[in-house]
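What follows is the content of query.cif, which has mmCIF, C-alpha atoms:
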data_work
loop_
_atom_site.label_atom_id
_atom_site.label_comp_id
_atom_site.auth_asym_id
_atom_site.auth_seq_id
_atom_site.Cartn_x
_atom_site.Cartn_y
_atom_site.Cartn_z
CA MET A 1 0.00 0.00 0.00
CA ALA A 2 1.27 3.48 -0.87
CA ASP A 3 2.46 5.69 1.95
CA PRO A 4 -0.38 8.15 2.87
CA SER A 5 1.97 11.10 2.89
CA THR A 6 3.11 10.26 -0.65
CA MET A 7 -0.53 10.10 -1.76
CA VAL A 8 -1.13 13.56 -0.34
CA ARG A 9 1.93 14.98 -2.07
CA LEU A 10 0.93 13.44 -5.38
CA SER A 11 -2.55 14.92 -5.06
CA THR A 12 -1.08 18.33 -4.39
CA GLU A 13 1.37 18.12 -7.27
CA THR A 14 -1.48 17.61 -9.72
CA SER A 15 -3.37 20.68 -8.52
CA ASP A 16 -3.35 24.01 -10.37
CA GLN A 17 -2.36 26.03 -7.32
CA GLU A 18 0.60 28.31 -7.96
CA GLY A 19 1.95 30.90 -5.55
CA ASP A 20 -0.03 32.29 -2.65
CA PRO A 21 -3.79 32.49 -3.30
CA ARG A 22 -3.97 35.43 -0.87
CA SER A 23 -2.17 37.62 -3.39
CA GLY A 24 -5.55 38.34 -5.03
CA PRO A 25 -8.80 39.82 -3.66
CA ILE A 26 -9.70 38.93 -0.08
CA SER A 27 -13.20 37.83 0.95
CA MET A 28 -12.82 37.56 4.73
CA ARG A 29 -10.33 38.53 7.44
CA PHE A 30 -9.85 37.10 10.92
CA GLU A 31 -8.08 39.38 13.38
CA ASP A 32 -7.22 37.92 16.82
CA VAL A 33 -10.44 35.88 16.88
CA SER A 34 -11.27 33.74 19.89
CA VAL A 35 -14.42 31.90 20.95
CA THR A 36 -15.27 31.04 24.54
CA PHE A 37 -18.13 29.08 26.09
CA ASN A 38 -18.97 30.04 29.69
CA GLY A 39 -15.43 31.30 30.10
CA ARG A 40 -13.70 28.24 28.59
CA THR A 41 -11.68 29.05 25.48
CA ALA A 42 -12.49 26.79 22.53
CA ILE A 43 -10.26 28.53 19.98
CA ARG A 44 -7.98 31.57 20.13
CA ASP A 45 -5.52 33.76 18.25
CA VAL A 46 -6.99 33.21 14.79
CA HIS A 47 -5.58 35.66 12.29
CA PHE A 48 -5.58 35.03 8.56
CA GLU A 49 -7.23 36.12 5.32
CA VAL A 50 -9.64 34.08 3.17
CA PRO A 51 -9.09 34.68 -0.55
CA ARG A 52 -12.10 35.38 -2.74
CA ASN A 53 -13.29 32.67 -5.14
CA LYS A 54 -10.89 30.13 -3.67
CA VAL A 55 -11.34 27.10 -1.42
CA THR A 56 -9.88 27.37 2.09
CA SER A 57 -9.61 24.17 4.13
CA LEU A 58 -9.54 24.13 7.92
CA ILE A 59 -7.61 21.04 9.04
CA GLY A 60 -6.48 19.64 12.37
CA PRO A 61 -7.42 17.04 15.00
CA SER A 62 -10.84 16.83 16.60
CA GLY A 63 -11.21 19.43 19.32
CA SER A 64 -8.88 21.98 17.73
CA GLY A 65 -11.72 24.44 17.09
CA LYS A 66 -12.32 24.14 13.34
CA THR A 67 -16.10 23.79 13.48
CA THR A 68 -16.28 26.36 16.29
CA LEU A 69 -14.56 28.85 14.00
CA LEU A 70 -16.77 27.93 11.05
CA ARG A 71 -19.91 28.50 13.10
CA ALA A 72 -18.58 31.84 14.31
CA ILE A 73 -18.49 33.02 10.70
CA ASN A 74 -22.22 32.34 10.39
CA ARG A 75 -23.10 33.81 13.83
CA MET A 76 -24.44 30.42 14.94
CA HIS A 77 -22.99 30.96 18.41
CA ASP A 78 -25.55 33.75 18.84
CA LEU A 79 -27.94 30.93 19.75
CA THR A 80 -25.64 29.39 22.40
CA LYS A 81 -25.92 30.62 25.97
CA GLY A 82 -22.55 31.68 27.36
CA ALA A 83 -20.83 31.86 23.97
CA VAL A 84 -18.62 34.91 23.31
CA VAL A 85 -16.76 35.72 20.10
CA ASN A 86 -13.91 38.21 20.49
CA GLY A 87 -11.70 39.85 17.90
CA SER A 88 -12.82 40.78 14.40
CA ILE A 89 -14.29 38.73 11.56
CA ARG A 90 -14.70 40.89 8.48
CA LEU A 91 -16.79 40.00 5.47
CA GLY A 92 -15.50 42.48 2.94
CA GLU A 93 -15.46 45.72 4.96
CA THR A 94 -18.20 44.63 7.38
CA ASP A 95 -17.30 43.45 10.87
CA ILE A 96 -19.96 40.77 11.26
CA TYR A 97 -20.14 41.16 15.06
CA LYS A 98 -19.69 44.93 15.41
CA GLY A 99 -21.02 46.28 12.13
CA GLY A 100 -24.69 46.20 13.06
CA ILE A 101 -25.57 43.52 10.49
CA PRO A 102 -28.50 41.32 11.63
CA ALA A 103 -27.69 37.60 11.78
CA THR A 104 -30.53 36.82 9.37
CA LEU A 105 -29.08 39.18 6.76
CA LEU A 106 -25.58 37.83 7.31
CA ARG A 107 -26.80 34.31 6.56
CA THR A 108 -27.97 35.41 3.13
CA ARG A 109 -24.37 36.43 2.46
CA VAL A 110 -22.79 33.43 4.20
CA GLY A 111 -24.43 30.06 3.53
CA MET A 112 -23.69 26.84 5.40
CA VAL A 113 -23.75 23.13 4.57
CA PHE A 114 -23.53 20.74 7.51
CA GLN A 115 -21.82 17.42 8.13
CA ARG A 116 -24.97 15.38 7.53
CA PRO A 117 -27.51 16.31 4.86
CA ASN A 118 -30.37 18.20 6.51
CA PRO A 119 -33.05 18.91 3.90
CA PHE A 120 -36.52 19.66 5.23
CA PRO A 121 -37.94 16.11 4.90
CA THR A 122 -41.61 17.03 4.57
CA MET A 123 -40.92 19.64 1.88
CA SER A 124 -40.56 18.98 -1.81
CA ILE A 125 -37.23 19.27 -3.60
CA TYR A 126 -38.37 22.58 -5.08
CA ASP A 127 -39.64 24.00 -1.78
CA ASN A 128 -36.33 23.09 -0.10
CA VAL A 129 -34.34 25.03 -2.66
CA VAL A 130 -36.44 28.20 -2.48
CA SER A 131 -37.08 28.14 1.28
CA GLY A 132 -34.41 30.76 1.99
CA LEU A 133 -35.75 33.09 -0.67
CA ARG A 134 -39.27 32.79 0.71
CA PHE A 135 -37.95 33.47 4.22
CA ASN A 136 -36.45 36.66 2.84
CA GLY A 137 -39.82 37.74 1.45
CA ILE A 138 -39.46 36.68 -2.19
CA HIS A 139 -42.63 35.01 -3.44
CA LYS A 140 -42.86 35.83 -7.15
CA LYS A 141 -43.24 32.50 -8.91
CA SER A 142 -41.06 33.31 -11.91
CA VAL A 143 -38.21 34.52 -9.68
CA LEU A 144 -38.41 31.42 -7.48
CA GLU A 145 -38.50 29.06 -10.45
CA GLU A 146 -35.51 30.72 -12.09
CA ALA A 147 -33.55 30.67 -8.83
CA ALA A 148 -34.40 27.02 -8.18
CA GLU A 149 -33.26 25.94 -11.62
CA SER A 150 -30.05 27.97 -11.39
CA ALA A 151 -29.23 26.62 -7.92
CA LEU A 152 -29.94 23.01 -8.87
CA ILE A 153 -27.79 23.35 -11.98
CA GLY A 154 -25.06 24.87 -9.82
CA ALA A 155 -25.30 21.90 -7.44
CA ALA A 156 -25.14 19.40 -10.35
CA LEU A 157 -28.61 18.10 -9.45
CA TRP A 158 -30.91 19.58 -12.09
CA ASP A 159 -30.63 16.74 -14.62
CA SER A 160 -31.66 14.10 -12.09
CA VAL A 161 -34.51 15.99 -10.36
CA SER A 162 -35.96 18.41 -12.95
CA ASN A 163 -38.87 16.04 -13.68
CA ARG A 164 -39.70 15.41 -10.00
CA LEU A 165 -39.37 18.74 -8.25
CA LYS A 166 -42.57 18.11 -6.29
CA ALA A 167 -41.23 14.86 -4.79
CA HIS A 168 -40.25 14.92 -1.12
CA ALA A 169 -36.59 15.59 -0.43
CA SER A 170 -36.51 12.37 1.59
CA THR A 171 -36.79 10.38 -1.66
CA LEU A 172 -33.26 11.44 -2.66
CA SER A 173 -30.12 9.45 -1.89
CA GLY A 174 -27.69 10.71 0.75
CA GLY A 175 -25.38 12.25 -1.82
CA GLU A 176 -28.30 13.87 -3.63
CA GLN A 177 -29.64 15.26 -0.34
CA GLN A 178 -26.28 16.89 0.36
CA ARG A 179 -26.24 18.45 -3.11
CA LEU A 180 -29.81 19.64 -2.45
CA CYS A 181 -28.55 21.36 0.71
CA ILE A 182 -25.83 22.99 -1.37
CA ALA A 183 -28.47 24.14 -3.88
CA ARG A 184 -30.57 25.55 -1.03
CA ALA A 185 -27.56 27.56 0.15
CA LEU A 186 -26.73 28.73 -3.38
CA ALA A 187 -30.27 29.91 -4.13
CA VAL A 188 -29.83 33.10 -2.07
CA GLU A 189 -26.57 33.82 -3.93
CA PRO A 190 -24.20 34.00 -0.95
CA GLU A 191 -20.72 35.49 -1.10
CA VAL A 192 -19.26 32.72 1.08
CA LEU A 193 -20.26 29.06 1.43
CA LEU A 194 -19.23 27.24 4.63
CA MET A 195 -19.01 23.43 4.53
CA ASP A 196 -18.55 21.39 7.72
CA GLU A 197 -17.17 17.97 6.70
CA PRO A 198 -19.75 17.77 3.90
CA THR A 199 -18.66 14.31 2.68
CA SER A 200 -17.99 12.52 5.97
CA SER A 201 -21.29 10.60 5.88
CA LEU A 202 -21.22 9.84 2.14
CA ASP A 203 -20.00 6.90 0.08
CA PRO A 204 -16.81 7.33 -2.02
CA ILE A 205 -18.68 8.02 -5.28
CA SER A 206 -20.87 10.71 -3.68
CA MET A 207 -17.80 12.15 -1.97
CA ARG A 208 -16.02 12.50 -5.29
CA LEU A 209 -19.06 14.20 -6.84
CA ILE A 210 -19.17 16.74 -3.99
CA GLU A 211 -15.43 17.39 -4.36
CA GLU A 212 -15.82 18.01 -8.09
CA LEU A 213 -18.72 20.32 -7.32
CA VAL A 214 -16.64 22.29 -4.81
CA SER A 215 -13.95 22.82 -7.44
CA GLU A 216 -16.55 24.09 -9.91
CA LEU A 217 -18.40 26.33 -7.45
CA LYS A 218 -15.42 28.43 -6.39
CA SER A 219 -15.76 30.44 -9.59
CA ARG A 220 -19.00 31.89 -8.17
CA VAL A 221 -18.58 31.70 -4.38
CA THR A 222 -15.78 31.69 -1.80
CA ILE A 223 -15.69 28.34 0.03
CA VAL A 224 -14.42 27.51 3.52
CA ILE A 225 -14.46 23.79 4.29
CA VAL A 226 -13.67 21.77 7.41
CA THR A 227 -12.23 18.35 6.59
CA HIS A 228 -10.38 15.55 8.39
CA ASN A 229 -9.49 13.95 5.05
CA MET A 230 -6.00 15.08 4.09
CA GLN A 231 -6.32 13.78 0.52
CA GLN A 232 -9.52 15.77 0.18
CA ALA A 233 -7.90 18.94 1.50
CA ALA A 234 -5.04 18.47 -0.99
CA ARG A 235 -7.45 17.87 -3.87
CA VAL A 236 -9.93 20.68 -3.40
CA SER A 237 -8.32 23.57 -1.52
CA ASP A 238 -6.17 26.50 -2.54
CA LEU A 239 -5.34 27.57 1.04
CA CYS A 240 -5.05 25.50 4.23
CA ALA A 241 -5.26 26.62 7.84
CA PHE A 242 -3.91 24.10 10.37
CA PHE A 243 -5.09 24.07 13.99
CA LEU A 244 -4.02 22.12 17.07
CA MET A 245 -5.27 21.83 20.63
CA GLY A 246 -2.99 23.54 23.15
CA ASN A 247 -1.99 22.20 26.56
CA ASP A 248 -5.00 23.98 28.07
CA ARG A 249 -7.25 22.22 25.52
CA ALA A 250 -7.93 25.40 23.59
CA GLY A 251 -7.64 25.26 19.82
CA GLU A 252 -5.03 27.50 18.27
CA GLN A 253 -3.88 28.38 14.78
CA ILE A 254 -0.51 26.83 13.94
CA GLU A 255 0.02 28.00 10.37
CA VAL A 256 -1.78 29.08 7.22
CA ALA A 257 -0.33 28.66 3.74
CA ALA A 258 -1.08 27.81 0.15
CA THR A 259 -2.09 24.15 0.13
CA LYS A 260 0.83 23.06 -2.02
CA LYS A 261 3.34 24.67 0.34
CA LEU A 262 1.65 23.51 3.54
CA PHE A 263 1.56 19.89 2.35
CA SER A 264 5.13 19.84 1.04
CA GLU A 265 7.13 22.41 3.02
CA PRO A 266 5.24 23.51 6.14
CA ASP A 267 6.93 25.97 8.48
CA ASP A 268 6.02 24.06 11.64
CA PRO A 269 7.15 20.40 12.00
CA ARG A 270 3.88 19.58 13.80
CA THR A 271 2.00 20.33 10.58
CA LEU A 272 3.94 17.71 8.65
CA ASP A 273 3.53 15.22 11.50
CA TYR A 274 -0.25 15.66 11.33
CA ILE A 275 -0.45 15.48 7.53
CA GLN A 276 1.63 12.30 7.51
CA GLY A 277 -0.53 10.71 10.22
CA ARG A 278 2.05 10.65 12.99
CA PHE A 279 -0.48 12.09 15.44
CA GLY A 280 -4.02 13.43 15.50
#

As structure tokens, please, write out the structure in this file.
Amino acid sequence: MADPSTMVRLSTETSDQEGDPRSGPISMRFEDVSVTFNGRTAIRDVHFEVPRNKVTSLIGPSGSGKTTLLRAINRMHDLTKGAVVNGSIRLGETDIYKGGIPATLLRTRVGMVFQRPNPFPTMSIYDNVVSGLRFNGIHKKSVLEEAAESALIGAALWDSVSNRLKAHASTLSGGEQQRLCIARALAVEPEVLLMDEPTSSLDPISMRLIEELVSELKSRVTIVIVTHNMQQAARVSDLCAFFLMGNDRAGEQIEVAATKKLFSEPDDPRTLDYIQGRFG
């Protein structure tokens, strides 16, 4: 069997990433971001830039704060008692915690796809896709139909569901349900799409389809993805941010770099140890 680290390097060598993806336009900035829950720090000292129309992977062991950070981008911690987000997270020029932007408006600009597909099971495929638009007060039939078709095409699902849009979402396979969730997020035309281990519950064929979709979607939306699959991170991302859990069990940023560099010549030896499976 091939050495896993060699497989990762080979995957990276075949990518089209050249130079530092942060040399172009920036979509988001983290400045000294930390998240605490009832006084316990879950992640701290996050400071990096997310390039526009690129894929940024958040990698690291369980408990290092990746999903906590992802949820902070979407203001999901607003719903958690005792949660406090410090520092600055900027979407363009807007500080999402101090800029006065309502969470509901933010979520039209920052969509999210979760680890397990979560379509609304009693709704039709069509109603799932346009649910966000309806929530935002859009009810014109022609607008909804156009948005649904565009989103389903964008999620590579239109060809298989266009003749059964009124069927319940629960009739779709697991991979199709996840692509439906992606279509639902795309329908409101977000600037950023967050993906929390979107393939972890899928079979290898569905996983590959989602990966191909991620690579296609970055031309229209900035993507931030949490993954524990190092081959996946090497295949789909332009930038990688690596996190570890500190001695006090708080997650902390170790390094951020273009994926090709991070997987071949990381600055911190702990990064290479993790990528090559020596701990984690």

Once you count all atoms listed in the file, what closest atom pair and distance in Å to one decimal does each residue of range 151-264 of chain A within 7 Å of range 121-137 of chain A have, with rows by chain and rising residue number, as a Markdown table?
| residue | atom | partner | partner_atom | distance |
| --- | --- | --- | --- | --- |
| A:Leu165 | CA | A:Tyr126 | CA | 5.1 |
| A:Lys166 | CA | A:Ser124 | CA | 5.0 |
| A:Ala167 | CA | A:Ser124 | CA | 5.1 |
| A:His168 | CA | A:Ser124 | CA | 4.1 |
| A:Ala169 | CA | A:Ile125 | CA | 4.9 |
| A:Ser170 | CA | A:Pro121 | CA | 5.2 |
| A:Ala183 | CA | A:Val129 | CA | 6.1 |
| A:Arg184 | CA | A:Val129 | CA | 4.1 |
| A:Ala187 | CA | A:Val129 | CA | 6.5 |
| A:Val188 | CA | A:Leu133 | CA | 6.1 |

Assuming 4 Å of padding per side, give the centre and edge lengths of the axis-aligned box around every listed atom of range 197-210 of chain A, in Å to one decimal and as AutoDock Vina command-line options.
--center_x -18.7 --center_y 12.4 --center_z -0.1 --size_x 13.3 --size_y 19.1 --size_z 21.5

| query | Given the choices A:Ser142, A:Val55, A:Arg44, A:Asn38, which gets closest to Leu239 in chain A if the distance is worked out from all atoms listed in the file? | reply |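 Closest candidate: A:Val55.
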
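Here CA of Phe37 in chain A stands at a distance of 22.7 Å from CA of Ile225 in chain A.
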
| task | Run the PyMOL selection byres ((chain A and resi 20-28) around 7) mentally over the shown coordinates, then write out the matched residues as a count of residues only, using the chain letters and numbers from the document. | result | 14

| message | Suppose a student applies the PyMOL selection byres ((chain A and resi 156-162) around 10) to this structure; what residues should they get, written as a PyMOL selection string? | response | chain A and resi 125-126+148-155+163-167+172+176-177+179-180+182-183+209-210+212-213+216

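CA of Gly175 in chain A sits 7.8 Å away from CA of Asp203 in chain A.
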